[in-house]
$ cat input-v4.cif   # mmCIF, N, CA and C atoms and all ligand atoms
data_work
loop_
_atom_site.label_atom_id
_atom_site.label_comp_id
_atom_site.auth_asym_id
_atom_site.auth_seq_id
_atom_site.Cartn_x
_atom_site.Cartn_y
_atom_site.Cartn_z
N MET A 1 53.19 -64.52 -12.63
CA MET A 1 54.02 -63.36 -12.97
C MET A 1 53.34 -62.50 -14.04
N ALA A 2 52.87 -63.18 -15.09
CA ALA A 2 52.21 -62.42 -16.16
C ALA A 2 50.97 -61.71 -15.62
N THR A 3 50.26 -62.39 -14.71
CA THR A 3 49.04 -61.81 -14.15
C THR A 3 49.35 -60.53 -13.38
N SER A 4 50.41 -60.57 -12.55
CA SER A 4 50.68 -59.40 -11.72
C SER A 4 51.14 -58.22 -12.58
N SER A 5 51.93 -58.50 -13.64
CA SER A 5 52.36 -57.38 -14.48
C SER A 5 51.16 -56.83 -15.26
N GLY A 6 50.25 -57.72 -15.65
CA GLY A 6 49.04 -57.27 -16.35
C GLY A 6 48.18 -56.39 -15.48
N SER A 7 48.02 -56.78 -14.20
CA SER A 7 47.15 -56.00 -13.34
C SER A 7 47.79 -54.65 -13.00
N SER A 8 49.11 -54.63 -12.87
CA SER A 8 49.72 -53.34 -12.56
C SER A 8 49.65 -52.42 -13.77
N ARG A 9 49.69 -53.00 -14.97
CA ARG A 9 49.55 -52.17 -16.16
C ARG A 9 48.15 -51.54 -16.22
N SER A 10 47.13 -52.34 -15.90
CA SER A 10 45.77 -51.79 -15.98
C SER A 10 45.55 -50.73 -14.89
N MET A 11 46.19 -50.91 -13.73
CA MET A 11 46.09 -49.87 -12.69
C MET A 11 46.69 -48.58 -13.21
N GLY A 12 47.80 -48.70 -13.94
CA GLY A 12 48.45 -47.51 -14.48
C GLY A 12 47.54 -46.78 -15.45
N THR A 13 46.83 -47.54 -16.27
CA THR A 13 45.90 -46.94 -17.22
C THR A 13 44.81 -46.18 -16.49
N GLN A 14 44.25 -46.86 -15.47
CA GLN A 14 43.19 -46.23 -14.68
C GLN A 14 43.69 -44.93 -14.05
N GLU A 15 44.88 -45.01 -13.49
CA GLU A 15 45.42 -43.85 -12.81
C GLU A 15 45.61 -42.69 -13.79
N SER A 16 46.14 -42.99 -14.98
CA SER A 16 46.37 -41.89 -15.93
C SER A 16 45.04 -41.32 -16.43
N ARG A 17 44.00 -42.19 -16.44
CA ARG A 17 42.69 -41.68 -16.84
C ARG A 17 42.18 -40.67 -15.81
N TRP A 18 42.38 -40.99 -14.52
CA TRP A 18 41.96 -40.03 -13.49
C TRP A 18 42.73 -38.73 -13.65
N ARG A 19 44.03 -38.88 -13.93
CA ARG A 19 44.85 -37.68 -14.06
C ARG A 19 44.38 -36.82 -15.23
N ARG A 20 44.04 -37.50 -16.35
CA ARG A 20 43.64 -36.75 -17.54
C ARG A 20 42.37 -35.95 -17.27
N HIS A 21 41.39 -36.64 -16.65
CA HIS A 21 40.15 -35.93 -16.33
C HIS A 21 40.32 -35.11 -15.06
N GLY A 22 41.43 -35.37 -14.39
CA GLY A 22 41.61 -34.92 -13.01
C GLY A 22 41.56 -33.43 -12.81
N ASP A 23 41.12 -33.08 -11.61
CA ASP A 23 41.14 -31.68 -11.27
C ASP A 23 42.15 -31.48 -10.16
N SER A 24 43.25 -32.21 -10.24
CA SER A 24 44.26 -32.03 -9.21
C SER A 24 44.96 -30.68 -9.39
N HIS A 25 44.68 -30.02 -10.51
CA HIS A 25 45.29 -28.71 -10.72
C HIS A 25 44.38 -27.62 -10.17
N GLY A 26 44.65 -27.23 -8.95
CA GLY A 26 43.97 -26.07 -8.40
C GLY A 26 42.63 -26.37 -7.73
N ASP A 27 42.04 -27.52 -7.99
CA ASP A 27 40.77 -27.81 -7.34
C ASP A 27 41.02 -28.65 -6.10
N SER A 28 40.95 -27.99 -4.95
CA SER A 28 41.17 -28.74 -3.72
C SER A 28 39.87 -28.90 -2.95
N SER A 29 38.73 -28.88 -3.68
CA SER A 29 37.44 -29.08 -3.02
C SER A 29 37.38 -30.49 -2.45
N SER A 30 36.57 -30.66 -1.42
CA SER A 30 36.52 -31.95 -0.73
C SER A 30 35.80 -33.00 -1.57
N PRO A 31 36.41 -34.18 -1.73
CA PRO A 31 35.74 -35.24 -2.48
C PRO A 31 34.64 -35.91 -1.68
N ILE A 32 34.60 -35.67 -0.38
CA ILE A 32 33.61 -36.29 0.51
C ILE A 32 33.01 -35.23 1.41
N PRO A 33 31.75 -35.46 1.86
CA PRO A 33 31.16 -34.49 2.78
C PRO A 33 31.84 -34.53 4.15
N TYR A 34 31.90 -33.41 4.80
CA TYR A 34 32.47 -33.36 6.15
C TYR A 34 31.54 -34.05 7.13
N ARG A 35 32.11 -34.78 8.07
CA ARG A 35 31.30 -35.40 9.12
C ARG A 35 30.93 -34.38 10.18
N GLU A 36 31.76 -33.37 10.33
CA GLU A 36 31.50 -32.32 11.31
C GLU A 36 31.60 -30.98 10.61
N GLY A 37 30.71 -30.07 10.96
CA GLY A 37 30.75 -28.73 10.37
C GLY A 37 32.05 -28.03 10.73
N PRO A 38 32.43 -27.01 9.94
CA PRO A 38 33.70 -26.31 10.15
C PRO A 38 33.85 -25.63 11.51
N LEU A 39 32.72 -25.42 12.20
CA LEU A 39 32.82 -24.78 13.52
C LEU A 39 32.48 -25.73 14.66
N GLU A 40 32.22 -27.00 14.33
CA GLU A 40 31.81 -27.98 15.36
C GLU A 40 33.00 -28.67 16.00
N TYR A 41 33.96 -27.93 16.46
CA TYR A 41 35.10 -28.55 17.12
C TYR A 41 35.33 -27.91 18.49
N THR A 42 35.95 -28.67 19.36
CA THR A 42 36.36 -28.17 20.66
C THR A 42 37.76 -28.70 20.95
N PRO A 43 38.53 -28.08 21.78
CA PRO A 43 38.22 -26.79 22.41
C PRO A 43 38.37 -25.66 21.39
N ALA A 44 37.61 -24.61 21.62
CA ALA A 44 37.67 -23.47 20.72
C ALA A 44 39.00 -22.74 20.89
N VAL A 45 39.54 -22.27 19.80
CA VAL A 45 40.69 -21.38 19.87
C VAL A 45 40.22 -20.05 19.28
N LEU A 46 40.98 -19.02 19.45
CA LEU A 46 40.57 -17.73 18.90
C LEU A 46 41.65 -17.19 17.97
N CYS A 47 41.22 -16.62 16.86
CA CYS A 47 42.18 -15.98 15.97
C CYS A 47 42.38 -14.54 16.43
N LYS A 48 43.16 -13.78 15.69
CA LYS A 48 43.47 -12.41 16.10
C LYS A 48 42.24 -11.50 16.08
N CYS A 49 41.17 -11.97 15.40
CA CYS A 49 39.92 -11.19 15.37
C CYS A 49 39.07 -11.50 16.60
N ASP A 50 39.58 -12.35 17.51
CA ASP A 50 38.84 -12.77 18.69
C ASP A 50 37.62 -13.62 18.30
N ALA A 51 37.73 -14.34 17.20
CA ALA A 51 36.63 -15.17 16.71
C ALA A 51 37.13 -16.61 16.56
N LYS A 52 36.18 -17.54 16.50
CA LYS A 52 36.54 -18.95 16.34
C LYS A 52 36.90 -19.21 14.88
N PRO A 53 38.13 -19.68 14.63
CA PRO A 53 38.51 -19.98 13.24
C PRO A 53 37.74 -21.19 12.71
N VAL A 54 37.58 -21.30 11.43
CA VAL A 54 36.91 -22.45 10.84
C VAL A 54 37.94 -23.57 10.61
N ARG A 55 37.45 -24.80 10.71
CA ARG A 55 38.34 -25.94 10.50
C ARG A 55 37.96 -26.62 9.19
N PHE A 56 38.93 -26.71 8.29
CA PHE A 56 38.72 -27.35 7.00
C PHE A 56 39.65 -28.56 6.87
N ILE A 57 39.39 -29.37 5.85
CA ILE A 57 40.29 -30.47 5.52
C ILE A 57 40.95 -30.11 4.19
N SER A 58 42.27 -30.13 4.17
CA SER A 58 42.99 -29.83 2.93
C SER A 58 42.90 -31.02 1.98
N TRP A 59 42.64 -30.73 0.70
CA TRP A 59 42.71 -31.78 -0.33
C TRP A 59 43.69 -31.38 -1.42
N SER A 60 44.63 -30.52 -1.05
CA SER A 60 45.65 -30.09 -2.00
C SER A 60 46.62 -31.23 -2.28
N ASP A 61 47.37 -31.10 -3.34
CA ASP A 61 48.38 -32.11 -3.68
C ASP A 61 49.45 -32.23 -2.58
N LEU A 62 49.69 -31.13 -1.89
CA LEU A 62 50.75 -31.14 -0.89
C LEU A 62 50.32 -31.72 0.46
N ASN A 63 49.08 -31.46 0.87
CA ASN A 63 48.65 -31.83 2.23
C ASN A 63 47.28 -32.51 2.26
N PRO A 64 47.09 -33.56 1.47
CA PRO A 64 45.75 -34.17 1.43
C PRO A 64 45.37 -34.79 2.77
N GLY A 65 44.11 -34.54 3.18
CA GLY A 65 43.58 -35.20 4.39
C GLY A 65 43.99 -34.57 5.69
N LEU A 66 44.69 -33.44 5.66
CA LEU A 66 45.10 -32.80 6.90
C LEU A 66 44.15 -31.65 7.23
N ARG A 67 43.75 -31.62 8.51
CA ARG A 67 42.85 -30.55 8.94
C ARG A 67 43.64 -29.30 9.30
N TYR A 68 43.03 -28.15 9.05
CA TYR A 68 43.67 -26.89 9.41
C TYR A 68 42.62 -25.89 9.85
N LEU A 69 43.07 -24.95 10.66
CA LEU A 69 42.22 -23.87 11.13
C LEU A 69 42.60 -22.59 10.41
N LYS A 70 41.58 -21.82 10.07
CA LYS A 70 41.82 -20.61 9.31
C LYS A 70 40.81 -19.55 9.77
N CYS A 71 41.24 -18.31 9.81
CA CYS A 71 40.35 -17.21 10.18
C CYS A 71 39.07 -17.27 9.34
N ALA A 72 37.91 -17.21 10.00
CA ALA A 72 36.63 -17.33 9.29
C ALA A 72 36.43 -16.19 8.28
N ARG A 73 37.06 -15.05 8.56
CA ARG A 73 36.90 -13.90 7.66
C ARG A 73 38.18 -13.61 6.88
N ALA A 74 38.98 -14.66 6.65
CA ALA A 74 40.28 -14.47 5.99
C ALA A 74 40.16 -13.76 4.63
N ARG A 75 39.08 -14.06 3.91
CA ARG A 75 38.91 -13.45 2.58
C ARG A 75 38.18 -12.12 2.64
N ASP A 76 37.82 -11.72 3.85
CA ASP A 76 36.96 -10.54 3.97
C ASP A 76 37.49 -9.63 5.07
N GLY A 77 38.75 -9.31 5.01
CA GLY A 77 39.34 -8.38 5.96
C GLY A 77 39.69 -8.97 7.32
N GLY A 78 39.65 -10.30 7.44
CA GLY A 78 40.02 -10.93 8.71
C GLY A 78 41.52 -10.92 8.91
N CYS A 79 42.01 -11.87 9.70
CA CYS A 79 43.44 -11.92 9.98
C CYS A 79 44.11 -13.07 9.21
N ASP A 80 45.40 -13.24 9.46
CA ASP A 80 46.15 -14.27 8.72
C ASP A 80 46.30 -15.57 9.51
N PHE A 81 45.45 -15.75 10.53
CA PHE A 81 45.53 -16.97 11.37
C PHE A 81 45.38 -18.22 10.51
N TYR A 82 46.33 -19.15 10.68
CA TYR A 82 46.34 -20.37 9.88
C TYR A 82 47.16 -21.40 10.65
N ASN A 83 46.53 -22.46 11.12
CA ASN A 83 47.24 -23.48 11.89
C ASN A 83 46.87 -24.88 11.44
N TRP A 84 47.86 -25.74 11.28
CA TRP A 84 47.57 -27.13 10.98
C TRP A 84 47.13 -27.84 12.25
N VAL A 85 46.11 -28.70 12.13
CA VAL A 85 45.63 -29.48 13.26
C VAL A 85 46.36 -30.81 13.32
N ASP A 86 46.55 -31.42 12.16
CA ASP A 86 47.14 -32.76 12.09
C ASP A 86 48.61 -32.70 11.69
N PRO A 87 49.39 -33.66 12.20
CA PRO A 87 50.79 -33.76 11.77
C PRO A 87 50.86 -34.26 10.33
N PRO A 88 51.96 -34.03 9.64
CA PRO A 88 52.09 -34.50 8.24
C PRO A 88 51.96 -36.02 8.15
N ASN A 89 51.42 -36.50 7.04
CA ASN A 89 51.32 -37.94 6.81
C ASN A 89 52.62 -38.49 6.23
N SER A 90 52.78 -39.79 6.34
CA SER A 90 53.89 -40.45 5.65
C SER A 90 53.66 -40.28 4.16
N SER A 91 54.71 -40.43 3.38
CA SER A 91 54.54 -40.26 1.94
C SER A 91 53.61 -41.33 1.37
N PHE A 92 53.56 -42.51 2.00
CA PHE A 92 52.63 -43.55 1.55
C PHE A 92 51.19 -43.10 1.74
N LYS A 93 50.85 -42.61 2.95
CA LYS A 93 49.46 -42.19 3.21
C LYS A 93 49.08 -40.97 2.37
N LYS A 94 50.03 -40.08 2.16
CA LYS A 94 49.77 -38.90 1.34
C LYS A 94 49.37 -39.33 -0.08
N GLN A 95 50.16 -40.24 -0.67
CA GLN A 95 49.87 -40.70 -2.02
C GLN A 95 48.56 -41.48 -2.06
N LEU A 96 48.32 -42.29 -1.02
CA LEU A 96 47.07 -43.06 -0.93
C LEU A 96 45.86 -42.12 -0.93
N LEU A 97 45.94 -41.05 -0.13
CA LEU A 97 44.83 -40.09 -0.06
C LEU A 97 44.64 -39.36 -1.39
N LEU A 98 45.75 -39.03 -2.05
CA LEU A 98 45.64 -38.37 -3.36
C LEU A 98 44.97 -39.29 -4.38
N ASP A 99 45.36 -40.58 -4.36
CA ASP A 99 44.76 -41.54 -5.30
C ASP A 99 43.28 -41.72 -5.00
N LEU A 100 42.92 -41.80 -3.72
CA LEU A 100 41.50 -41.93 -3.35
C LEU A 100 40.72 -40.68 -3.75
N ARG A 101 41.31 -39.51 -3.50
CA ARG A 101 40.67 -38.24 -3.89
C ARG A 101 40.38 -38.23 -5.39
N ASP A 102 41.40 -38.58 -6.19
CA ASP A 102 41.25 -38.54 -7.64
C ASP A 102 40.26 -39.60 -8.12
N ALA A 103 40.25 -40.78 -7.47
CA ALA A 103 39.31 -41.83 -7.85
C ALA A 103 37.87 -41.40 -7.57
N VAL A 104 37.63 -40.81 -6.39
CA VAL A 104 36.28 -40.36 -6.04
C VAL A 104 35.81 -39.30 -7.04
N LYS A 105 36.70 -38.36 -7.36
CA LYS A 105 36.31 -37.30 -8.30
C LYS A 105 36.04 -37.86 -9.69
N TYR A 106 36.87 -38.82 -10.10
CA TYR A 106 36.66 -39.43 -11.42
C TYR A 106 35.30 -40.11 -11.49
N TRP A 107 34.98 -40.92 -10.47
CA TRP A 107 33.72 -41.67 -10.50
C TRP A 107 32.51 -40.78 -10.30
N LYS A 108 32.67 -39.73 -9.52
CA LYS A 108 31.57 -38.77 -9.37
C LYS A 108 31.23 -38.14 -10.72
N ARG A 109 32.29 -37.76 -11.46
CA ARG A 109 32.07 -37.14 -12.77
C ARG A 109 31.47 -38.15 -13.74
N ALA A 110 32.01 -39.38 -13.73
CA ALA A 110 31.51 -40.42 -14.63
C ALA A 110 30.04 -40.72 -14.33
N THR A 111 29.67 -40.76 -13.07
CA THR A 111 28.29 -41.00 -12.68
C THR A 111 27.39 -39.86 -13.16
N GLY A 112 27.87 -38.65 -13.04
CA GLY A 112 27.11 -37.49 -13.51
C GLY A 112 26.85 -37.55 -15.00
N VAL A 113 27.85 -37.93 -15.77
CA VAL A 113 27.71 -38.05 -17.23
C VAL A 113 26.71 -39.16 -17.56
N ALA A 114 26.80 -40.29 -16.87
CA ALA A 114 25.89 -41.41 -17.11
C ALA A 114 24.45 -41.01 -16.77
N GLU A 115 24.27 -40.29 -15.67
CA GLU A 115 22.92 -39.86 -15.29
C GLU A 115 22.34 -38.90 -16.32
N GLN A 116 23.18 -38.03 -16.86
CA GLN A 116 22.71 -37.10 -17.88
C GLN A 116 22.30 -37.85 -19.15
N SER A 117 23.10 -38.86 -19.56
CA SER A 117 22.76 -39.66 -20.73
C SER A 117 21.44 -40.39 -20.53
N LEU A 118 21.25 -40.92 -19.33
CA LEU A 118 20.00 -41.62 -19.01
C LEU A 118 18.81 -40.66 -19.09
N GLU A 119 18.99 -39.47 -18.56
CA GLU A 119 17.92 -38.47 -18.59
C GLU A 119 17.60 -38.08 -20.05
N ASP A 120 18.65 -37.90 -20.87
CA ASP A 120 18.45 -37.59 -22.29
C ASP A 120 17.69 -38.71 -22.99
N ALA A 121 18.05 -39.97 -22.67
CA ALA A 121 17.38 -41.11 -23.28
C ALA A 121 15.91 -41.18 -22.86
N ARG A 122 15.64 -40.85 -21.59
CA ARG A 122 14.25 -40.83 -21.11
C ARG A 122 13.43 -39.78 -21.87
N MET A 123 14.02 -38.61 -22.06
CA MET A 123 13.32 -37.53 -22.76
C MET A 123 13.05 -37.93 -24.20
N GLU A 124 14.06 -38.54 -24.84
CA GLU A 124 13.93 -38.96 -26.23
C GLU A 124 12.86 -40.03 -26.37
N THR A 125 12.85 -40.99 -25.43
CA THR A 125 11.84 -42.05 -25.43
C THR A 125 10.44 -41.46 -25.28
N ALA A 126 10.31 -40.53 -24.34
CA ALA A 126 9.00 -39.90 -24.11
C ALA A 126 8.55 -39.16 -25.38
N ARG A 127 9.49 -38.47 -26.04
CA ARG A 127 9.17 -37.72 -27.26
C ARG A 127 8.73 -38.67 -28.37
N LEU A 128 9.47 -39.81 -28.53
CA LEU A 128 9.13 -40.78 -29.57
C LEU A 128 7.78 -41.43 -29.30
N LEU A 129 7.53 -41.76 -28.02
CA LEU A 129 6.24 -42.38 -27.67
C LEU A 129 5.09 -41.43 -27.93
N GLU A 130 5.31 -40.16 -27.64
CA GLU A 130 4.27 -39.16 -27.87
C GLU A 130 3.98 -39.06 -29.36
N GLY A 131 5.04 -39.07 -30.19
CA GLY A 131 4.89 -39.02 -31.65
C GLY A 131 4.13 -40.24 -32.16
N ALA A 132 4.50 -41.44 -31.65
CA ALA A 132 3.86 -42.68 -32.09
C ALA A 132 2.38 -42.70 -31.72
N THR A 133 2.07 -42.17 -30.54
CA THR A 133 0.69 -42.14 -30.09
C THR A 133 -0.15 -41.22 -30.99
N ARG A 134 0.45 -40.07 -31.35
CA ARG A 134 -0.25 -39.10 -32.19
C ARG A 134 -0.54 -39.69 -33.59
N GLU A 135 0.44 -40.47 -34.12
CA GLU A 135 0.26 -41.05 -35.46
C GLU A 135 -0.87 -42.07 -35.49
N ASN A 136 -1.07 -42.76 -34.34
CA ASN A 136 -2.15 -43.78 -34.32
C ASN A 136 -3.45 -43.14 -34.12
ZN ZN B 201 40.80 -13.69 12.27
#
$ encode --input "input-v4.cif" --output "structure tokens" --more "lines below"
Ligand SMILES: [Zn+2]
Amino acid sequence: MATSSGSSRSMGTQESRWRRHGDSHGDSSSPIPYREGPLEYTPAVLCKCDAKPVRFISWSDLNPGLRYLKCARARDGGCDFYNWVDPPNSSFKKQLLLDLRDAVKYWKRATGVAEQSLEDARMETARLLEGATREN
């Protein structure tokens, strides 16, 4: 009993850490690379511009993991074509995808910070070694 309450407490800490660093506010960029390009789908449909709409995956708080089609020129004078490809997820899967999204983003950022520290340490080491060599 004590073990399970302890582990759920630590999960809560981890989760709040993701939230604190989290970019769930407004950043719906994909945490993972697409397996298929935005235009690599069939059958093709056409938007009001008579063009093939692009297919994206939503990573918003409301619709994580759902694919949608959108006019390729929506931001550049295109039309308002917008269609969901996938049906809504259960609330369990929705929350699961949000947690996975936030975990991936947290670890990506943490890895980036660690790599930068390592690079700084390499530069500092090289600088110190160069100084030591010059003194000898
Ligand atoms: Zn269009």
$ closest_residue --input "input-v4.cif" --among "A:Ala72, A:Leu39, A:Val54, A:Leu62" --to "ligand ZN 201 (chain B)" --atoms "only N, CA and C atoms and all ligand atoms"
A:Ala72
$ residues_near_ligand --input "input-v4.cif" --ligand "ligand ZN 201 (chain B)" --cutoff "8 Å" --atoms "only N, CA and C atoms and all ligand atoms" --output "PyMOL selection string"
chain A and resi 46-53+70-74+77-82
$ axis_aligned_box --input "input-v4.cif" --around "segment 34-38 of chain A" --padding-each-side "5 Å" --output "lines of an AutoDock Vina configuration file"
center_x = 32.3
center_y = -30.5
center_z = 8.2
size_x = 13.1
size_y = 19.8
size_z = 16.7
$ residues_around --input "input-v4.cif" --residues "Val85 of chain A" --least-positions-apart "2" --cutoff "5 Å" --atoms "all atoms listed in the file" --output "PyMOL selection string"
chain A and resi 67-68+83+87
$ select_by_dssp --input "input-v4.cif" --residues "segment 11-135 of chain A" --states "helix (DSSP H, G or I)" --output "short mmCIF file (atom, residue, chain, number, x, y, z; two decimals) with N, CA and C atoms, in the frame of the given file"
data_model
loop_
_atom_site.label_atom_id
_atom_site.label_comp_id
_atom_site.auth_asym_id
_atom_site.auth_seq_id
_atom_site.Cartn_x
_atom_site.Cartn_y
_atom_site.Cartn_z
N MET A 11 46.19 -50.91 -13.73
CA MET A 11 46.09 -49.87 -12.69
C MET A 11 46.69 -48.58 -13.21
N GLY A 12 47.80 -48.70 -13.94
CA GLY A 12 48.45 -47.51 -14.48
C GLY A 12 47.54 -46.78 -15.45
N THR A 13 46.83 -47.54 -16.27
CA THR A 13 45.90 -46.94 -17.22
C THR A 13 44.81 -46.18 -16.49
N GLN A 14 44.25 -46.86 -15.47
CA GLN A 14 43.19 -46.23 -14.68
C GLN A 14 43.69 -44.93 -14.05
N GLU A 15 44.88 -45.01 -13.49
CA GLU A 15 45.42 -43.85 -12.81
C GLU A 15 45.61 -42.69 -13.79
N SER A 16 46.14 -42.99 -14.98
CA SER A 16 46.37 -41.89 -15.93
C SER A 16 45.04 -41.32 -16.43
N ARG A 17 44.00 -42.19 -16.44
CA ARG A 17 42.69 -41.68 -16.84
C ARG A 17 42.18 -40.67 -15.81
N TRP A 18 42.38 -40.99 -14.52
CA TRP A 18 41.96 -40.03 -13.49
C TRP A 18 42.73 -38.73 -13.65
N ARG A 19 44.03 -38.88 -13.93
CA ARG A 19 44.85 -37.68 -14.06
C ARG A 19 44.38 -36.82 -15.23
N ARG A 20 44.04 -37.50 -16.35
CA ARG A 20 43.64 -36.75 -17.54
C ARG A 20 42.37 -35.95 -17.27
N HIS A 21 41.39 -36.64 -16.65
CA HIS A 21 40.15 -35.93 -16.33
C HIS A 21 40.32 -35.11 -15.06
N SER A 91 54.71 -40.43 3.38
CA SER A 91 54.54 -40.26 1.94
C SER A 91 53.61 -41.33 1.37
N PHE A 92 53.56 -42.51 2.00
CA PHE A 92 52.63 -43.55 1.55
C PHE A 92 51.19 -43.10 1.74
N LYS A 93 50.85 -42.61 2.95
CA LYS A 93 49.46 -42.19 3.21
C LYS A 93 49.08 -40.97 2.37
N LYS A 94 50.03 -40.08 2.16
CA LYS A 94 49.77 -38.90 1.34
C LYS A 94 49.37 -39.33 -0.08
N GLN A 95 50.16 -40.24 -0.67
CA GLN A 95 49.87 -40.70 -2.02
C GLN A 95 48.56 -41.48 -2.06
N LEU A 96 48.32 -42.29 -1.02
CA LEU A 96 47.07 -43.06 -0.93
C LEU A 96 45.86 -42.12 -0.93
N LEU A 97 45.94 -41.05 -0.13
CA LEU A 97 44.83 -40.09 -0.06
C LEU A 97 44.64 -39.36 -1.39
N LEU A 98 45.75 -39.03 -2.05
CA LEU A 98 45.64 -38.37 -3.36
C LEU A 98 44.97 -39.29 -4.38
N ASP A 99 45.36 -40.58 -4.36
CA ASP A 99 44.76 -41.54 -5.30
C ASP A 99 43.28 -41.72 -5.00
N LEU A 100 42.92 -41.80 -3.72
CA LEU A 100 41.50 -41.93 -3.35
C LEU A 100 40.72 -40.68 -3.75
N ARG A 101 41.31 -39.51 -3.50
CA ARG A 101 40.67 -38.24 -3.89
C ARG A 101 40.38 -38.23 -5.39
N ASP A 102 41.40 -38.58 -6.19
CA ASP A 102 41.25 -38.54 -7.64
C ASP A 102 40.26 -39.60 -8.12
N ALA A 103 40.25 -40.78 -7.47
CA ALA A 103 39.31 -41.83 -7.85
C ALA A 103 37.87 -41.40 -7.57
N VAL A 104 37.63 -40.81 -6.39
CA VAL A 104 36.28 -40.36 -6.04
C VAL A 104 35.81 -39.30 -7.04
N LYS A 105 36.70 -38.36 -7.36
CA LYS A 105 36.31 -37.30 -8.30
C LYS A 105 36.04 -37.86 -9.69
N TYR A 106 36.87 -38.82 -10.10
CA TYR A 106 36.66 -39.43 -11.42
C TYR A 106 35.30 -40.11 -11.49
N TRP A 107 34.98 -40.92 -10.47
CA TRP A 107 33.72 -41.67 -10.50
C TRP A 107 32.51 -40.78 -10.30
N LYS A 108 32.67 -39.73 -9.52
CA LYS A 108 31.57 -38.77 -9.37
C LYS A 108 31.23 -38.14 -10.72
N ARG A 109 32.29 -37.76 -11.46
CA ARG A 109 32.07 -37.14 -12.77
C ARG A 109 31.47 -38.15 -13.74
N ALA A 110 32.01 -39.38 -13.73
CA ALA A 110 31.51 -40.42 -14.63
C ALA A 110 30.04 -40.72 -14.33
N THR A 111 29.67 -40.76 -13.07
CA THR A 111 28.29 -41.00 -12.68
C THR A 111 27.39 -39.86 -13.16
N GLY A 112 27.87 -38.65 -13.04
CA GLY A 112 27.11 -37.49 -13.51
C GLY A 112 26.85 -37.55 -15.00
N VAL A 113 27.85 -37.93 -15.77
CA VAL A 113 27.71 -38.05 -17.23
C VAL A 113 26.71 -39.16 -17.56
N ALA A 114 26.80 -40.29 -16.87
CA ALA A 114 25.89 -41.41 -17.11
C ALA A 114 24.45 -41.01 -16.77
N GLU A 115 24.27 -40.29 -15.67
CA GLU A 115 22.92 -39.86 -15.29
C GLU A 115 22.34 -38.90 -16.32
N GLN A 116 23.18 -38.03 -16.86
CA GLN A 116 22.71 -37.10 -17.88
C GLN A 116 22.30 -37.85 -19.15
N SER A 117 23.10 -38.86 -19.56
CA SER A 117 22.76 -39.66 -20.73
C SER A 117 21.44 -40.39 -20.53
N LEU A 118 21.25 -40.92 -19.33
CA LEU A 118 20.00 -41.62 -19.01
C LEU A 118 18.81 -40.66 -19.09
N GLU A 119 18.99 -39.47 -18.56
CA GLU A 119 17.92 -38.47 -18.59
C GLU A 119 17.60 -38.08 -20.05
N ASP A 120 18.65 -37.90 -20.87
CA ASP A 120 18.45 -37.59 -22.29
C ASP A 120 17.69 -38.71 -22.99
N ALA A 121 18.05 -39.97 -22.67
CA ALA A 121 17.38 -41.11 -23.28
C ALA A 121 15.91 -41.18 -22.86
N ARG A 122 15.64 -40.85 -21.59
CA ARG A 122 14.25 -40.83 -21.11
C ARG A 122 13.43 -39.78 -21.87
N MET A 123 14.02 -38.61 -22.06
CA MET A 123 13.32 -37.53 -22.76
C MET A 123 13.05 -37.93 -24.20
N GLU A 124 14.06 -38.54 -24.84
CA GLU A 124 13.93 -38.96 -26.23
C GLU A 124 12.86 -40.03 -26.37
N THR A 125 12.85 -40.99 -25.43
CA THR A 125 11.84 -42.05 -25.43
C THR A 125 10.44 -41.46 -25.28
N ALA A 126 10.31 -40.53 -24.34
CA ALA A 126 9.00 -39.90 -24.11
C ALA A 126 8.55 -39.16 -25.38
N ARG A 127 9.49 -38.47 -26.04
CA ARG A 127 9.17 -37.72 -27.26
C ARG A 127 8.73 -38.67 -28.37
N LEU A 128 9.47 -39.81 -28.53
CA LEU A 128 9.13 -40.78 -29.57
C LEU A 128 7.78 -41.43 -29.30
N LEU A 129 7.53 -41.76 -28.02
CA LEU A 129 6.24 -42.38 -27.67
C LEU A 129 5.09 -41.43 -27.93
N GLU A 130 5.31 -40.16 -27.64
CA GLU A 130 4.27 -39.16 -27.87
C GLU A 130 3.98 -39.06 -29.36
N GLY A 131 5.04 -39.07 -30.19
CA GLY A 131 4.89 -39.02 -31.65
C GLY A 131 4.13 -40.24 -32.16
N ALA A 132 4.50 -41.44 -31.65
CA ALA A 132 3.86 -42.68 -32.09
C ALA A 132 2.38 -42.70 -31.72
N THR A 133 2.07 -42.17 -30.54
CA THR A 133 0.69 -42.14 -30.09
C THR A 133 -0.15 -41.22 -30.99
N ARG A 134 0.45 -40.07 -31.35
CA ARG A 134 -0.25 -39.10 -32.19
C ARG A 134 -0.54 -39.69 -33.59
N GLU A 135 0.44 -40.47 -34.12
CA GLU A 135 0.26 -41.05 -35.46
C GLU A 135 -0.87 -42.07 -35.49
#
$ atom_distance --input "input-v4.cif" --atom1 "atom N of Gly65 of chain A" --atom2 "atom N of Trp107 of chain A"
17.6 Å
$ atom_distance --input "input-v4.cif" --atom1 "atom N of Leu96 of chain A" --atom2 "atom C of Val113 of chain A"
27.4 Å
$ atom_distance --input "input-v4.cif" --atom1 "atom CA of Pro64 of chain A" --atom2 "atom CA of Trp84 of chain A"
12.0 Å
$ residues_around --input "input-v4.cif" --residues "Leu66 of chain A" --least-positions-apart "5" --cutoff "10 Å" --atoms "only C-alpha atoms" --output "number ranges by chain"
A: 56-60, 84-89, 94
$ residues_around --input "input-v4.cif" --residues "segment 32-34 of chain A" --least-positions-apart "3" --cutoff "9 Å" --atoms "only C-alpha atoms" --output "ChimeraX atom specification"
/A:29,37-38,56-57,101,104
$ select_by_dssp --input "input-v4.cif" --residues "segment 17-110 of chain A" --states "strand (DSSP E)" --output "ChimeraX atom specification"
/A:54-58,66-70,82-84
